Structure formats: structure tokens, C-alpha cells
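A.B. asks: Just dropping this structure here.
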Amino acid sequence: MEATSLLKEDHQKVRALFRKFEAAGERAYQTKKGLYEDIKSELDIHAQIEEQIFYPAVRDMRSKEGGDLVAEAVEEHTIVKRLLSELEDVTPQDEEFDAKMKVLMENVEHHADEEEKEMFPEAKRVLGADRLEELGLELEEMKESLKSQLVART
Ligand SMILES: [Fe+2]
Ligand SMILES: [Fe+2]
């Protein structure tokens, strides 16, 4: 699968978790906690495979546009990671929890939209289908190994 398609599938999965979170009742604390944990592990893995494999490949294209888009994306990841780490310190019973989740979801949606509308088309244009297939395999492999590490820890 092309790297951009794999990353888009991840985005869709996270968006679906966001919709479930939004649909959960105000007091559905257990459900919200479970969804938060799923969202966190999806985002952790997704950010790592992008930062270690996809973004460097886009940066190496040496297109001004690609470089700028990666720089912006890395800053957005930093914000998302900060929100995730703040969420570690609150529980769904705390009043800040929903507010922090809302800001997290808004940031991630904005970031994923930008990748899909700007970075991925630029990568497709410059890298081409074969290179994207290769990168897709690398992403897949790293994703699998991160997932098994996660399972081993729990
Ligand atoms: Fe990203
Ligand atoms: Fe992404």
C-alpha cells in the first residue's frame, strides 16, 4: 500500500474514535477513558512512524514546499503530544478532561486535514508511486513492531 494511503487509513481510524468519543454520554466515564486510551496509542504510533520514516522522506525531496510542510507538521505534533501528556494527569471525572479532549481532537483534525490536502499530494507528485509503495512497507513494518511492544508492556 502507498505510504499516503496507509497514513490516511490511520487518520480515518482516529476520526472514527473521535466520533465515538463525541457520542459518549457526559457521565460515560469508563467509555471515555477507554476511548482516550485507544486514541492515545493510535496517535503515539502514528506520530512515530511519520516522524521516523515519512517526514524524513518528504524532507529529502528537497522541495521548498515539502520542507516547510514537514517543519509545520512537526510543530503540530509537539502540541498534540503536550495535550496527550496533560490528559495523563486528569481523569474523565475532572472537568478539564472534556475540554482538553476537545482541543486535542480539533488540533488533530486540523493537522490530518492539512497532511491530506497539502503534504500527501506534494509527496505523491515528487516521490512517485514506487517510492510511496516502498515507504508504505516500511511504515507497516514499524507499525507492527511498535504495536507488539505496546502489547508486551500491557
Ligand atoms: Fe502528522
Ligand atoms: Fe498523519
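We name chains A, B, ... following the order of the C-alpha cells; residues begin at 1 in each chain, and ligands are numbered from 1 as shown.
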Residues up to 10 Å from ligand 2, counting only C-alpha atoms and all ligand atoms: could you list those as number ranges by chain?
C.D. replies: A: 4, 6-12, 14, 43, 46-51, 54-55, 73, 77, 108-109, 111-116, 119-120
A.B. asks: Limited to C-alpha atoms, could you put the picked residues into a file as a PDB file, in the first residue's frame?
C.D. replies:
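Final output, saved to part-v7.pdb:
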ATOM      1  CA  THR A   4      -0.026   8.109   1.896  1.00  0.00           C
ATOM      2  CA  LEU A   6      -1.694   3.857   4.901  1.00  0.00           C
ATOM      3  CA  LEU A   7      -1.402   7.151   6.775  1.00  0.00           C
ATOM      4  CA  LYS A   8      -4.861   8.196   5.568  1.00  0.00           C
ATOM      5  CA  GLU A   9      -6.311   4.943   6.888  1.00  0.00           C
ATOM      6  CA  ASP A  10      -4.783   5.745  10.275  1.00  0.00           C
ATOM      7  CA  HIS A  11      -6.397   9.196  10.140  1.00  0.00           C
ATOM      8  CA  GLN A  12      -9.775   7.648   9.367  1.00  0.00           C
ATOM      9  CA  VAL A  14      -8.663   8.128  14.672  1.00  0.00           C
ATOM     10  CA  LEU A  43      -1.676   8.756  17.818  1.00  0.00           C
ATOM     11  CA  HIS A  46       1.135   7.224  14.008  1.00  0.00           C
ATOM     12  CA  ALA A  47       3.335  10.148  15.083  1.00  0.00           C
ATOM     13  CA  GLN A  48       6.357   7.875  15.441  1.00  0.00           C
ATOM     14  CA  ILE A  49       6.071   6.283  12.012  1.00  0.00           C
ATOM     15  CA  GLU A  50       5.559   9.680  10.406  1.00  0.00           C
ATOM     16  CA  GLU A  51       8.461  11.292  12.231  1.00  0.00           C
ATOM     17  CA  PHE A  54       7.587   9.532   6.247  1.00  0.00           C
ATOM     18  CA  TYR A  55       8.610  13.067   7.209  1.00  0.00           C
ATOM     19  CA  ALA A  73       3.762  19.253  10.917  1.00  0.00           C
ATOM     20  CA  HIS A  77       2.876  17.003  16.640  1.00  0.00           C
ATOM     21  CA  VAL A 108      -5.546  16.507  15.287  1.00  0.00           C
ATOM     22  CA  GLU A 109      -8.357  17.051  12.753  1.00  0.00           C
ATOM     23  CA  HIS A 111      -3.339  18.545  11.295  1.00  0.00           C
ATOM     24  CA  ALA A 112      -4.615  15.426   9.494  1.00  0.00           C
ATOM     25  CA  ASP A 113      -6.612  17.566   7.018  1.00  0.00           C
ATOM     26  CA  GLU A 114      -3.524  19.587   6.207  1.00  0.00           C
ATOM     27  CA  GLU A 115      -1.434  16.473   5.651  1.00  0.00           C
ATOM     28  CA  GLU A 116      -4.077  15.039   3.346  1.00  0.00           C
ATOM     29  CA  MET A 119       1.684  17.243   2.231  1.00  0.00           C
ATOM     30  CA  PHE A 120       0.428  13.974   0.732  1.00  0.00           C
TER      31      PHE A 120
END
A.B. asks: Which of these residues is nearest to ligand 1, using only C-alpha atoms and all ligand atoms: A:Lys32, A:Arg131, A:Lys102, A:Lys81?
C.D. replies: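 Residue with the minimum atom-to-atom distance to ligand 1: A:Lys81.
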A.B. asks: Would you tabulate, counting only C-alpha atoms, all residues of segment 53-134 of chain A that have an atom at most 12 Å from an atom of segment 17-24 of chain A, showing the closest pair of atoms and their distance in Å to one decimal, sorted by chain then ascending number, as CSV?
C.D. replies:
residue,atom,partner,partner_atom,distance
A:Pro92,CA,A:Phe21,CA,11.4
A:Phe97,CA,A:Phe21,CA,11.9
A:Asp98,CA,A:Glu22,CA,9.5
A:Ala99,CA,A:Glu22,CA,11.7
A:Met101,CA,A:Phe21,CA,9.0
A:Lys102,CA,A:Glu22,CA,8.8
A:Val103,CA,A:Phe18,CA,11.6
A:Leu104,CA,A:Phe18,CA,9.8
A:Met105,CA,A:Phe18,CA,6.8
A:Glu106,CA,A:Phe18,CA,9.8
A:Asn107,CA,A:Phe18,CA,11.8
A:Val108,CA,A:Phe18,CA,9.9
A:Glu109,CA,A:Phe18,CA,9.4
A.B. asks: For Gly128 of chain A, work out the shell of residues within 12 Å, counting only C-alpha atoms and skipping chain neighbours fewer than 3 positions away, then give it as a list in words.
C.D. replies: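 Within the cut-off, the hits are Glu2, Ala3, Thr4, Ala57, Val58, Met61, Phe120, Pro121, Glu122, Ala123, Lys124, Arg125, Arg131, Leu132, Glu133, Glu134 and Leu135 of chain A.
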A.B. asks: For the residues in the current selection, export all heavy atoms as a CSV table (one decimal), in the first residue's frame.
C.D. replies:
chain,number,residue,atom,x,y,z
A,2,GLU,N,0.5,2.3,-0.7
A,2,GLU,CA,1.3,3.5,-0.7
A,2,GLU,C,1.2,4.1,0.6
A,2,GLU,O,0.2,4.1,1.3
A,2,GLU,CB,0.7,4.5,-1.8
A,2,GLU,CG,0.9,4.0,-3.2
A,2,GLU,CD,0.5,5.1,-4.3
A,2,GLU,OE1,0.1,6.2,-3.9
A,2,GLU,OE2,0.7,4.8,-5.4
A,3,ALA,N,2.4,4.7,1.0
A,3,ALA,CA,2.5,5.3,2.3
A,3,ALA,C,1.4,6.3,2.7
A,3,ALA,O,0.8,6.3,3.8
A,3,ALA,CB,3.9,6.1,2.4
A,4,THR,N,1.0,7.1,1.7
A,4,THR,CA,0.0,8.1,1.9
A,4,THR,C,-1.4,7.4,2.2
A,4,THR,O,-2.2,8.0,3.0
A,4,THR,CB,-0.1,9.1,0.7
A,4,THR,OG1,-0.1,8.3,-0.5
A,4,THR,CG2,1.0,10.1,0.7
A,57,ALA,N,11.5,11.3,4.5
A,57,ALA,CA,11.4,11.1,3.1
A,57,ALA,C,10.9,12.3,2.4
A,57,ALA,O,11.4,12.7,1.3
A,57,ALA,CB,10.5,9.9,2.8
A,58,VAL,N,9.9,13.0,3.0
A,58,VAL,CA,9.4,14.2,2.4
A,58,VAL,C,10.4,15.3,2.4
A,58,VAL,O,10.6,16.1,1.5
A,58,VAL,CB,8.1,14.6,3.1
A,58,VAL,CG1,7.6,16.0,2.6
A,58,VAL,CG2,7.0,13.6,2.9
A,61,MET,N,13.0,15.2,-0.3
A,61,MET,CA,12.6,15.6,-1.6
A,61,MET,C,13.3,16.9,-2.0
A,61,MET,O,13.4,17.2,-3.2
A,61,MET,CB,11.1,15.7,-1.8
A,61,MET,CG,10.3,14.5,-1.3
A,61,MET,SD,8.5,14.6,-1.6
A,61,MET,CE,8.0,16.3,-1.1
A,120,PHE,N,0.5,15.2,1.5
A,120,PHE,CA,0.4,14.0,0.7
A,120,PHE,C,0.4,14.2,-0.8
A,120,PHE,O,1.1,13.5,-1.5
A,120,PHE,CB,-0.8,13.1,1.2
A,120,PHE,CG,-0.7,12.6,2.6
A,120,PHE,CD1,-1.7,11.9,3.2
A,120,PHE,CD2,0.4,12.9,3.4
A,120,PHE,CE1,-1.7,11.5,4.5
A,120,PHE,CE2,0.5,12.5,4.7
A,120,PHE,CZ,-0.5,11.7,5.3
A,121,PRO,N,-0.4,15.2,-1.3
A,121,PRO,CA,-0.3,15.4,-2.7
A,121,PRO,C,1.1,15.8,-3.2
A,121,PRO,O,1.5,15.4,-4.3
A,121,PRO,CB,-1.3,16.6,-2.9
A,121,PRO,CG,-2.2,16.5,-1.8
A,121,PRO,CD,-1.4,16.0,-0.6
A,122,GLU,N,1.8,16.6,-2.4
A,122,GLU,CA,3.1,17.0,-2.8
A,122,GLU,C,4.1,15.8,-2.8
A,122,GLU,O,4.9,15.7,-3.7
A,122,GLU,CB,3.6,18.1,-1.8
A,122,GLU,CG,5.1,18.6,-2.0
A,122,GLU,CD,5.3,19.5,-3.2
A,122,GLU,OE1,4.3,19.7,-4.0
A,122,GLU,OE2,6.4,19.8,-3.5
A,123,ALA,N,3.9,14.9,-1.8
A,123,ALA,CA,4.8,13.7,-1.7
A,123,ALA,C,4.5,12.8,-2.9
A,123,ALA,O,5.4,12.3,-3.5
A,123,ALA,CB,4.5,13.0,-0.4
A,124,LYS,N,3.2,12.7,-3.3
A,124,LYS,CA,2.8,11.9,-4.4
A,124,LYS,C,3.4,12.4,-5.7
A,124,LYS,O,4.0,11.7,-6.5
A,124,LYS,CB,1.3,11.9,-4.6
A,124,LYS,CG,0.6,10.7,-4.1
A,124,LYS,CD,-0.9,10.8,-4.4
A,124,LYS,CE,-1.6,9.5,-4.7
A,124,LYS,NZ,-1.7,8.6,-3.7
A,125,ARG,N,3.4,13.7,-5.8
A,125,ARG,CA,3.9,14.4,-7.0
A,125,ARG,C,5.4,14.2,-7.2
A,125,ARG,O,5.9,13.8,-8.2
A,125,ARG,CB,3.6,15.9,-6.9
A,125,ARG,CG,3.8,16.7,-8.2
A,125,ARG,CD,3.4,18.1,-8.0
A,125,ARG,NE,4.3,18.9,-7.1
A,125,ARG,CZ,5.4,19.4,-7.5
A,125,ARG,NH1,5.9,19.2,-8.8
A,125,ARG,NH2,6.2,20.0,-6.7
A,131,ARG,N,8.2,4.7,-5.0
A,131,ARG,CA,8.8,5.1,-3.8
A,131,ARG,C,7.8,5.1,-2.6
A,131,ARG,O,8.0,4.7,-1.5
A,131,ARG,CB,9.4,6.5,-3.9
A,131,ARG,CG,10.1,7.0,-2.7
A,131,ARG,CD,11.4,6.3,-2.4
A,131,ARG,NE,12.0,6.8,-1.2
A,131,ARG,CZ,12.3,6.1,-0.1
A,131,ARG,NH1,12.1,4.7,-0.1
A,131,ARG,NH2,12.9,6.6,1.0
A,132,LEU,N,6.5,5.5,-3.0
A,132,LEU,CA,5.5,5.5,-1.9
A,132,LEU,C,5.1,4.1,-1.5
A,132,LEU,O,4.8,3.9,-0.3
A,132,LEU,CB,4.2,6.3,-2.5
A,132,LEU,CG,4.3,7.8,-2.5
A,132,LEU,CD1,3.1,8.4,-3.0
A,132,LEU,CD2,4.6,8.4,-1.1
A,133,GLU,N,5.2,3.2,-2.4
A,133,GLU,CA,4.9,1.8,-2.1
A,133,GLU,C,6.0,1.3,-1.1
A,133,GLU,O,5.7,0.6,-0.1
A,133,GLU,CB,4.9,0.9,-3.3
A,133,GLU,CG,3.7,0.9,-4.1
A,133,GLU,CD,2.5,0.2,-3.5
A,133,GLU,OE1,2.6,-0.6,-2.6
A,133,GLU,OE2,1.3,0.5,-4.0
A,134,GLU,N,7.2,1.6,-1.4
A,134,GLU,CA,8.4,1.2,-0.6
A,134,GLU,C,8.2,1.7,0.8
A,134,GLU,O,8.4,1.0,1.8
A,134,GLU,CB,9.6,1.8,-1.1
A,134,GLU,CG,10.6,0.9,-1.9
A,134,GLU,CD,11.7,1.7,-2.5
A,134,GLU,OE1,12.2,2.7,-1.9
A,134,GLU,OE2,12.1,1.3,-3.6
A,135,LEU,N,7.9,3.0,0.9
A,135,LEU,CA,7.7,3.7,2.2
A,135,LEU,C,6.6,3.1,2.9
A,135,LEU,O,6.6,3.0,4.2
A,135,LEU,CB,7.5,5.2,2.0
A,135,LEU,CG,8.8,6.0,1.6
A,135,LEU,CD1,8.4,7.4,1.1
A,135,LEU,CD2,9.8,6.1,2.8
A.B. asks: Mind pulling up the distance from atom 1 (Fe, counted along the ligand's line) of ligand 1 to atom CA of Lys64 of chain A?
C.D. replies: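 Atom 1 (Fe, counted along the ligand's line) of ligand 1 lies at a distance of 18.3 Å from atom CA of Lys64 of chain A.
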A.B. asks: Please return, as an MDAnalysis selection string, all residues of segment 52-115 of chain A that DSSP assigns to alpha helix (DSSP H) on the basis of the backbone.
C.D. replies: chainID A and resid 55:59 64:88 95:114
A.B. asks: Limited to C-alpha atoms, could you put the picked residues into a file as a PDB file, in the first residue's frame?
C.D. replies:
ATOM      1  CA  TYR A  55       8.610  13.067   7.209  1.00  0.00           C
ATOM      2  CA  PRO A  56      12.344  12.430   6.563  1.00  0.00           C
ATOM      3  CA  ALA A  57      11.430  11.081   3.101  1.00  0.00           C
ATOM      4  CA  VAL A  58       9.377  14.203   2.378  1.00  0.00           C
ATOM      5  CA  ARG A  59      12.171  16.418   3.693  1.00  0.00           C
ATOM      6  CA  LYS A  64      10.761  24.047  -0.556  1.00  0.00           C
ATOM      7  CA  GLU A  65       7.100  23.235  -0.090  1.00  0.00           C
ATOM      8  CA  GLY A  66       7.840  19.747   1.322  1.00  0.00           C
ATOM      9  CA  GLY A  67      10.376  21.110   3.799  1.00  0.00           C
ATOM     10  CA  ASP A  68       8.008  23.819   5.025  1.00  0.00           C
ATOM     11  CA  LEU A  69       5.148  21.372   5.407  1.00  0.00           C
ATOM     12  CA  VAL A  70       7.280  18.964   7.448  1.00  0.00           C
ATOM     13  CA  ALA A  71       8.516  21.762   9.720  1.00  0.00           C
ATOM     14  CA  GLU A  72       4.934  22.843  10.401  1.00  0.00           C
ATOM     15  CA  ALA A  73       3.762  19.253  10.917  1.00  0.00           C
ATOM     16  CA  VAL A  74       6.494  18.594  13.494  1.00  0.00           C
ATOM     17  CA  GLU A  75       5.369  21.652  15.490  1.00  0.00           C
ATOM     18  CA  GLU A  76       1.786  20.419  15.372  1.00  0.00           C
ATOM     19  CA  HIS A  77       2.876  17.003  16.640  1.00  0.00           C
ATOM     20  CA  THR A  78       4.569  18.750  19.556  1.00  0.00           C
ATOM     21  CA  ILE A  79       1.293  20.437  20.501  1.00  0.00           C
ATOM     22  CA  VAL A  80      -0.649  17.176  20.230  1.00  0.00           C
ATOM     23  CA  LYS A  81       1.919  15.359  22.402  1.00  0.00           C
ATOM     24  CA  ARG A  82       1.696  18.079  25.032  1.00  0.00           C
ATOM     25  CA  LEU A  83      -2.096  17.728  25.134  1.00  0.00           C
ATOM     26  CA  LEU A  84      -1.806  13.938  25.407  1.00  0.00           C
ATOM     27  CA  SER A  85       0.620  14.241  28.275  1.00  0.00           C
ATOM     28  CA  GLU A  86      -1.660  16.734  30.071  1.00  0.00           C
ATOM     29  CA  LEU A  87      -4.510  14.272  29.647  1.00  0.00           C
ATOM     30  CA  GLU A  88      -2.429  11.680  31.517  1.00  0.00           C
ATOM     31  CA  GLU A  95     -13.892  18.975  34.482  1.00  0.00           C
ATOM     32  CA  GLU A  96     -10.808  19.714  32.342  1.00  0.00           C
ATOM     33  CA  PHE A  97     -10.920  16.288  30.720  1.00  0.00           C
ATOM     34  CA  ASP A  98     -13.599  17.004  28.102  1.00  0.00           C
ATOM     35  CA  ALA A  99     -12.137  20.425  27.349  1.00  0.00           C
ATOM     36  CA  LYS A 100      -8.674  19.009  26.803  1.00  0.00           C
ATOM     37  CA  MET A 101     -10.086  16.204  24.647  1.00  0.00           C
ATOM     38  CA  LYS A 102     -11.970  18.755  22.559  1.00  0.00           C
ATOM     39  CA  VAL A 103      -8.819  20.793  21.929  1.00  0.00           C
ATOM     40  CA  LEU A 104      -6.886  17.609  21.177  1.00  0.00           C
ATOM     41  CA  MET A 105      -9.483  16.493  18.625  1.00  0.00           C
ATOM     42  CA  GLU A 106      -9.599  19.922  16.956  1.00  0.00           C
ATOM     43  CA  ASN A 107      -5.818  20.018  16.666  1.00  0.00           C
ATOM     44  CA  VAL A 108      -5.546  16.507  15.287  1.00  0.00           C
ATOM     45  CA  GLU A 109      -8.357  17.051  12.753  1.00  0.00           C
ATOM     46  CA  HIS A 110      -6.725  20.236  11.510  1.00  0.00           C
ATOM     47  CA  HIS A 111      -3.339  18.545  11.295  1.00  0.00           C
ATOM     48  CA  ALA A 112      -4.615  15.426   9.494  1.00  0.00           C
ATOM     49  CA  ASP A 113      -6.612  17.566   7.018  1.00  0.00           C
ATOM     50  CA  GLU A 114      -3.524  19.587   6.207  1.00  0.00           C
TER      51      GLU A 114
END
A.B. asks: Compare A:Glu37, A:Glu118, A:Asp89, A:Asp94 by their minimum atom-to-atom distance to ligand 1, counting only C-alpha atoms and all ligand atoms, and give me the closest one.
C.D. replies: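 Smallest separation from ligand 1 among the options: A:Glu118.
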A.B. asks: Which value, in Å to one decimal, gives the distance between atom CA of Lys33 of chain A and atom CA of Ala152 of chain A?
C.D. replies: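 Rounded to one decimal, the two atoms are 20.8 Å apart.
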A.B. asks: Which residue is closest to Gln30 of chain A? Choose from A:Thr91, A:Ser145, A:Ile45, A:Val151 and count only C-alpha atoms.
C.D. replies: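 Under the stated criterion, the closest residue is A:Thr91.
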A.B. asks: Restricting the calculation to only C-alpha atoms, which member of A:Gln93, A:Ser41, A:Ser5, A:Gln149 is positioned closest to Ala28 of chain A?
C.D. replies: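 Under the stated criterion, the closest residue is A:Gln93.
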A.B. asks: Can you work out which one of A:Val126, A:Glu138, A:Asp44, A:Leu146 has the shortest atom-to-atom distance to ligand 1, counting only C-alpha atoms and all ligand atoms?
C.D. replies: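 Using only C-alpha atoms and all ligand atoms, the shortest distance to ligand 1 belongs to A:Asp44.
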